[in-house]
Amino acid sequence: MSKKIGIADTMFARVDMFKVVRKALEDSQEPGIRLERYTVPGVKDLPVACKKLLEEENCDICMALGMPGDKAIDKTCAHEASQGLIATQIQTNKHIIEVFTHIDEGKDEKELYEITKNRTYDHTMNTIALLKGKSLSRNAGKGVRQGKENIGRIR
Amino acid sequence: MSKKIGIADTMFARVDMFKVVRKALEDSQEPGIRLERYTVPGVKDLPVACKKLLEEENCDICMALGMPGDKAIDKTCAHEASQGLIATQIQTNKHIIEVFTHIDEGKDEKELYEITKNRTYDHTMNTIALLKGKSLSRNAGKGVRQGKENIGRIR
Amino acid sequence: MSKKIGIADTMFARVDMFKVVRKALEDSQEPGIRLERYTVPGVKDLPVACKKLLEEENCDICMALGMPGDKAIDKTCAHEASQGLIATQIQTNKHIIEVFTHIDEGKDEKELYEITKNRTYDHTMNTIALLKGKSLSRNAGKGVRQGKENIGRIR
Amino acid sequence: MSKKIGIADTMFARVDMFKVVRKALEDSQEPGIRLERYTVPGVKDLPVACKKLLEEENCDICMALGMPGDKAIDKTCAHEASQGLIATQIQTNKHIIEVFTHIDEGKDEKELYEITKNRTYDHTMNTIALLKGKSLSRNAGKGVRQGKENIGRIR
Amino acid sequence: MSKKIGIADTMFARVDMFKVVRKALEDSQEPGIRLERYTVPGVKDLPVACKKLLEEENCDICMALGMPGDKAIDKTCAHEASQGLIATQIQTNKHIIEVFTHIDEGKDEKELYEITKNRTYDHTMNTIALLKGKSLSRNAGKGVRQGKENIGRIR
C-alpha cells in the first residue's frame, strides 16, 4: 500500500529544501511513496503543520524543514519549534525528522547551501528507512552526521 | 460559509496592532471573514486567550499580537508565551500566527512602529491564506521576512 | 450568580499580597465576587494550587501571587512556575493572572513594596474585568504597565 | 483514615534525605501518616517516580528529594526535573513538594549537610500541613525560607 | 514471564552503546529479559522512539542512549531530548533511563570511551533493578555516579 511523507517547509528559509527531498526520493527508487507538502511562514508554525499532516492528511511520517536565522531571537524560535515538534511526535507516536540548518552554520552562502542540501538529502534517506521499517542499527554509534562529514566511531 | 479569525491582543503593547489587522483584511478584499477580538493584559495571557477564541468562540484560526519589553524578564515572558502558543496549536490542530515585535527591535519609536505595522499587515495576509487553504508553497524557501525586507533565496 | 476568584499565594513572598487583592476587590465595589485563598510554600507550588482552585474549588478565574528571589536559581524557579501556570490555563480554558514581583525589582524595600502593592492592585482590577466579561480592548496597545507607570502608545 | 506520603529520592544525592523526613514525621506526632519510599538513580528520574507513587501506590502527596551537582549540565538536569515535577502535579492535581539542595549551596560539606537537613525537615512539615488540609495562610508573605533563615515581611 | 527492555540508540553517537548494554545484561545473569533495539538518527528522535518501544513493542522499561555533541546547538538538542524523555515517562508511567555522554566530557577519545562504557554499563544495572522491582534504597543518598567514581555520602 502507498505511504505518505508529510513535508512541512517555510517561507522564511533561503533554500528550496522541498526540492531536495523530491530529488532524494527519486534517487532512492523506493516505490509507493507520495509526498504531501504544506508551507507555513516560519519554524514556529511547523509543529502544528506536522500535526495536521499526520492527523488530517494521514501522513505516516513527517519532515520539518527550516532555516532559523542568526540572531538570539531566532535561536529561541528554533528551540521552541523543536520542543513543539518533539511534543507532537510523543502525542502522535509518529516520527517527525527535523531538518534545520542555522543561517550562520556556513561561512558563506555557498557553504550554507551545501550543508542545507546535504542534510536535507541525507535525512530524506533516514525518513524513508524509518517509514519502510528498515533498521538503522547497522549505522548506530558511528558518529554519522547529516550535512557534514561523518566523524566515525571511537574504537 | 463565513470564517472567523480570532485576534488576541494586549494592553502591554505600544501599538494598536488590531487596527492594522482590520486594515489588512479590508485591503485583502476577501469576503466572508469576520474578526473576533479578545484583549488581555500581556503576552503570557495570550495562549489561553487563543485557546478560548478557538474553542469557545469557534474561531478557525488565530493571531496572537504582542510587543514584549526589552528587559531580560520580558524576553523570558515572550519565550513562555511562545511555548504556550505552540502547545495550544498542537492541542487544537489550528494555527495561531504569532506576531511579536520586541520593543528593542527598532532604533527609535518611528522604526518600531513601522516594523510592527508591516509585520502585522504581512502576517494578516498569511493568516488569510492559511484560512482560505491557499498554498504558500510558491513563496517557500525564498527568505521571506515579515516586517522587514525579504532576504531572498540562495541559488 | 456569585463568582469566585481563586487566590494562590506563597509563604516565600515578603509582602502580604492577598491583603492588597482584598482591598482592590472592595474598592471595585463589584457585587457577587468571593475570594478563595490557598497558600503554598513557593512559586513552583502555584501551578497545581491554581489547578486545584479551578477544578476542585470551582473558581472561575485565578490570581497567582509570588515574589521570586534574586539568585539565578530563583529566576529559574519563576520561569518553571510561569510555564506551569500557562500549561494549567491551556488545560482548563480559564485565566490565571500571574502577579510576580522579583525581589530585585526595587532599589530598596520601600520601592519593592510599592511595586508589589500597585501591581497586585492593578492586576486585581484586570482579573475582575476578565471575570465579568468586560472588554479590555479600550486599553489595548497603550503600553499599560502594572505596578509601574504606563509608557503609552506610539502614534 | 490513613494517609500516605510518597517519598522519591536518589542515589545521586550525598545525604540520606529520607531519614530526615522520617525524623520530621515522628516529631510532628501526626497520627495516621505512612511513608512510601521509592529510590531512583538521579533527579531526572523523579517525575515518573512521583507519578507512579501517586497513581500506582495511591499516595496522597509526594516529596521529591534531590541534590543536583554543581556543573552546568547538572543545573540543566535539575531544571528538566523541576519542569517534569510541575507537569506531573498539573496532571494529577496533587502536590509534589520539591526539596532540592544544590551541591554548591554550602561553602563546605558541613554547611551543605545543614542546609539539606533543615530544608528537608521544614518541607516535611509543609507537606504534612498540605496533606492534612491545614492552611499555611498564617505564614503567607512572611519571607519564609526552608533550609535557611526566614527573611521576614516588608512592612 | 519474560520482560522486555527497549533500547533506543542513535547513529550520531560515536560509541556502540548498545553492545555495552548487551554485555551488562549477560553479566547480570538475570533470566527472562529480552532487549528490543530501535536506532534513530539523533537524540531528538529518542523520545518518540521510546514512546513507540513502550506502547507499540510492549517494552516494560526503556534506555535512551545518546552522545550529544560539543557545540551550543548540541547542548540545546540534548536539553530538548531530555524534556521529551521526561514527558514520555509521565505519559506512560514507565521509566526511561537516559544515558547521555557529552562528547566534551572526556579529555580525549580514550576517556570519552571509558566514561560512556561505564555509564552505560552502570545504568543497565539500574534499569534491570527497576525492571525487577528491586529497591535501590540501599544506595540512596550515597553520591553514586554512573560512568565516574562515586563521591560518597556526607556524614
# chains A, B, ... in the order shown; residues from 1 in each chain; ligands from 1
$ select_by_dssp --residues "chain B" --states "alpha helix (DSSP H)" --output "MDAnalysis selection string"
chainID B and resid 17:28 46:55 72:92 109:131
$ select_by_dssp --residues "chain D" --states "strand (DSSP E or B)" --output "list in words"
Lys3, Lys4, Ile5, Gly6, Ile7, Ala8, Asp9, Thr10, Ile33, Arg34, Leu35, Glu36, Arg37, Tyr38, Thr39, Val40, Ile61, Cys62, Met63, Ala64, Leu65, Gly66, Ile96, Ile97, Glu98, Val99 and Phe100 of chain D
$ atom_distance --atom1 "CA of Thr120 in chain C" --atom2 "CA of Leu35 in chain C"
14.5 Å
$ closest_atom_pairs --of "chain B" --to "chain A" --cutoff "9 Å" --atoms "only C-alpha atoms" --output "tab-separated table"
residue	atom	partner	partner_atom	distance
B:Lys75	CA	A:Ile73	CA	8.9
B:His79	CA	A:Thr76	CA	7.4
B:Ser82	CA	A:Glu80	CA	7.2
B:Gln83	CA	A:Glu80	CA	6.0
B:Ile86	CA	A:Gly84	CA	6.3
B:Ala87	CA	A:Gly84	CA	6.8
B:Gln89	CA	A:Val48	CA	5.7
B:Ile90	CA	A:Val48	CA	5.2
B:Gln91	CA	A:Val48	CA	8.7
B:Thr92	CA	A:Val48	CA	8.7
B:Asn93	CA	A:Val48	CA	6.1
B:Lys94	CA	A:Val48	CA	6.9
B:His95	CA	A:Val48	CA	6.6
B:Ile96	CA	A:Asp45	CA	8.0
B:Ile97	CA	A:Asp45	CA	7.5
B:Glu98	CA	A:Lys44	CA	8.5
B:His123	CA	A:Pro41	CA	8.4
B:Asn126	CA	A:Pro41	CA	7.3
B:Leu130	CA	A:Val40	CA	8.2
B:Ser135	CA	A:Thr39	CA	6.9
B:Leu136	CA	A:Thr39	CA	5.4
B:Ser137	CA	A:Thr39	CA	5.1
B:Arg138	CA	A:Met11	CA	8.6
B:Asn139	CA	A:Met11	CA	5.4
B:Ala140	CA	A:Met11	CA	3.9
B:Gly141	CA	A:Ala13	CA	4.4
B:Lys142	CA	A:Arg14	CA	5.0
B:Gly143	CA	A:Arg14	CA	4.4
B:Val144	CA	A:Phe12	CA	4.8
B:Arg145	CA	A:Phe12	CA	6.3
B:Gln146	CA	A:Pro41	CA	8.9
B:Asn150	CA	A:Phe12	CA	8.7
B:Ile151	CA	A:Arg14	CA	7.8
B:Gly152	CA	A:Arg14	CA	6.2
B:Arg153	CA	A:Arg14	CA	4.4
B:Ile154	CA	A:Arg14	CA	5.7
B:Arg155	CA	A:Val15	CA	7.6
$ closest_residue --among "B:Lys148, B:Val99, B:Leu54, B:Ala24" --to "Glu111 in chain B" --atoms "only C-alpha atoms"
B:Lys148
$ decode --residues "range 68-93 of chain E" --atoms "N, CA and C atoms" --output "PDB file, in the first residue's frame"
ATOM      1  N   PRO E  68      25.472  13.525  22.867  1.00  0.00           N
ATOM      2  CA  PRO E  68      25.338  14.873  22.301  1.00  0.00           C
ATOM      3  C   PRO E  68      26.704  15.479  21.974  1.00  0.00           C
ATOM      4  N   GLY E  69      26.739  16.320  20.943  1.00  0.00           N
ATOM      5  CA  GLY E  69      27.962  16.984  20.506  1.00  0.00           C
ATOM      6  C   GLY E  69      28.410  18.071  21.462  1.00  0.00           C
ATOM      7  N   ASP E  70      29.431  18.813  21.049  1.00  0.00           N
ATOM      8  CA  ASP E  70      30.040  19.775  21.973  1.00  0.00           C
ATOM      9  C   ASP E  70      29.709  21.230  21.658  1.00  0.00           C
ATOM     10  N   LYS E  71      28.891  21.471  20.638  1.00  0.00           N
ATOM     11  CA  LYS E  71      28.540  22.848  20.315  1.00  0.00           C
ATOM     12  C   LYS E  71      27.285  23.287  21.076  1.00  0.00           C
ATOM     13  N   ALA E  72      27.062  24.604  21.122  1.00  0.00           N
ATOM     14  CA  ALA E  72      25.907  25.142  21.834  1.00  0.00           C
ATOM     15  C   ALA E  72      24.617  24.502  21.326  1.00  0.00           C
ATOM     16  N   ILE E  73      24.511  24.363  20.006  1.00  0.00           N
ATOM     17  CA  ILE E  73      23.274  23.792  19.444  1.00  0.00           C
ATOM     18  C   ILE E  73      23.086  22.345  19.900  1.00  0.00           C
ATOM     19  N   ASP E  74      24.188  21.632  20.086  1.00  0.00           N
ATOM     20  CA  ASP E  74      24.092  20.243  20.563  1.00  0.00           C
ATOM     21  C   ASP E  74      23.578  20.181  21.998  1.00  0.00           C
ATOM     22  N   LYS E  75      24.012  21.140  22.807  1.00  0.00           N
ATOM     23  CA  LYS E  75      23.538  21.191  24.198  1.00  0.00           C
ATOM     24  C   LYS E  75      22.033  21.443  24.218  1.00  0.00           C
ATOM     25  N   THR E  76      21.589  22.334  23.329  1.00  0.00           N
ATOM     26  CA  THR E  76      20.158  22.621  23.242  1.00  0.00           C
ATOM     27  C   THR E  76      19.388  21.376  22.798  1.00  0.00           C
ATOM     28  N   CYS E  77      19.921  20.669  21.812  1.00  0.00           N
ATOM     29  CA  CYS E  77      19.279  19.427  21.343  1.00  0.00           C
ATOM     30  C   CYS E  77      19.140  18.429  22.488  1.00  0.00           C
ATOM     31  N   ALA E  78      20.202  18.268  23.263  1.00  0.00           N
ATOM     32  CA  ALA E  78      20.182  17.313  24.367  1.00  0.00           C
ATOM     33  C   ALA E  78      19.120  17.727  25.393  1.00  0.00           C
ATOM     34  N   HIS E  79      19.029  19.023  25.645  1.00  0.00           N
ATOM     35  CA  HIS E  79      18.032  19.545  26.587  1.00  0.00           C
ATOM     36  C   HIS E  79      16.614  19.234  26.090  1.00  0.00           C
ATOM     37  N   GLU E  80      16.376  19.467  24.825  1.00  0.00           N
ATOM     38  CA  GLU E  80      15.057  19.183  24.245  1.00  0.00           C
ATOM     39  C   GLU E  80      14.745  17.691  24.307  1.00  0.00           C
ATOM     40  N   ALA E  81      15.754  16.885  24.018  1.00  0.00           N
ATOM     41  CA  ALA E  81      15.564  15.432  24.083  1.00  0.00           C
ATOM     42  C   ALA E  81      15.212  15.007  25.506  1.00  0.00           C
ATOM     43  N   SER E  82      15.930  15.545  26.477  1.00  0.00           N
ATOM     44  CA  SER E  82      15.669  15.190  27.881  1.00  0.00           C
ATOM     45  C   SER E  82      14.259  15.581  28.299  1.00  0.00           C
ATOM     46  N   GLN E  83      13.838  16.778  27.893  1.00  0.00           N
ATOM     47  CA  GLN E  83      12.470  17.199  28.216  1.00  0.00           C
ATOM     48  C   GLN E  83      11.458  16.233  27.616  1.00  0.00           C
ATOM     49  N   GLY E  84      11.715  15.811  26.390  1.00  0.00           N
ATOM     50  CA  GLY E  84      10.805  14.879  25.722  1.00  0.00           C
ATOM     51  C   GLY E  84      10.798  13.512  26.386  1.00  0.00           C
ATOM     52  N   LEU E  85      11.956  13.093  26.856  1.00  0.00           N
ATOM     53  CA  LEU E  85      12.026  11.786  27.531  1.00  0.00           C
ATOM     54  C   LEU E  85      11.260  11.814  28.848  1.00  0.00           C
ATOM     55  N   ILE E  86      11.357  12.930  29.561  1.00  0.00           N
ATOM     56  CA  ILE E  86      10.614  13.054  30.821  1.00  0.00           C
ATOM     57  C   ILE E  86       9.109  13.100  30.545  1.00  0.00           C
ATOM     58  N   ALA E  87       8.718  13.855  29.523  1.00  0.00           N
ATOM     59  CA  ALA E  87       7.292  13.929  29.162  1.00  0.00           C
ATOM     60  C   ALA E  87       6.750  12.550  28.788  1.00  0.00           C
ATOM     61  N   THR E  88       7.568  11.787  28.076  1.00  0.00           N
ATOM     62  CA  THR E  88       7.141  10.436  27.671  1.00  0.00           C
ATOM     63  C   THR E  88       6.944   9.530  28.886  1.00  0.00           C
ATOM     64  N   GLN E  89       7.842   9.645  29.851  1.00  0.00           N
ATOM     65  CA  GLN E  89       7.720   8.842  31.071  1.00  0.00           C
ATOM     66  C   GLN E  89       6.451   9.180  31.841  1.00  0.00           C
ATOM     67  N   ILE E  90       6.165  10.498  31.947  1.00  0.00           N
ATOM     68  CA  ILE E  90       4.973  10.917  32.684  1.00  0.00           C
ATOM     69  C   ILE E  90       3.709  10.419  31.997  1.00  0.00           C
ATOM     70  N   GLN E  91       3.753  10.414  30.653  1.00  0.00           N
ATOM     71  CA  GLN E  91       2.570   9.959  29.915  1.00  0.00           C
ATOM     72  C   GLN E  91       2.356   8.456  30.013  1.00  0.00           C
ATOM     73  N   THR E  92       3.452   7.707  30.107  1.00  0.00           N
ATOM     74  CA  THR E  92       3.330   6.250  30.064  1.00  0.00           C
ATOM     75  C   THR E  92       3.438   5.586  31.435  1.00  0.00           C
ATOM     76  N   ASN E  93       3.826   6.358  32.446  1.00  0.00           N
ATOM     77  CA  ASN E  93       4.095   5.788  33.779  1.00  0.00           C
ATOM     78  C   ASN E  93       5.166   4.698  33.744  1.00  0.00           C
TER      79      ASN E  93
END
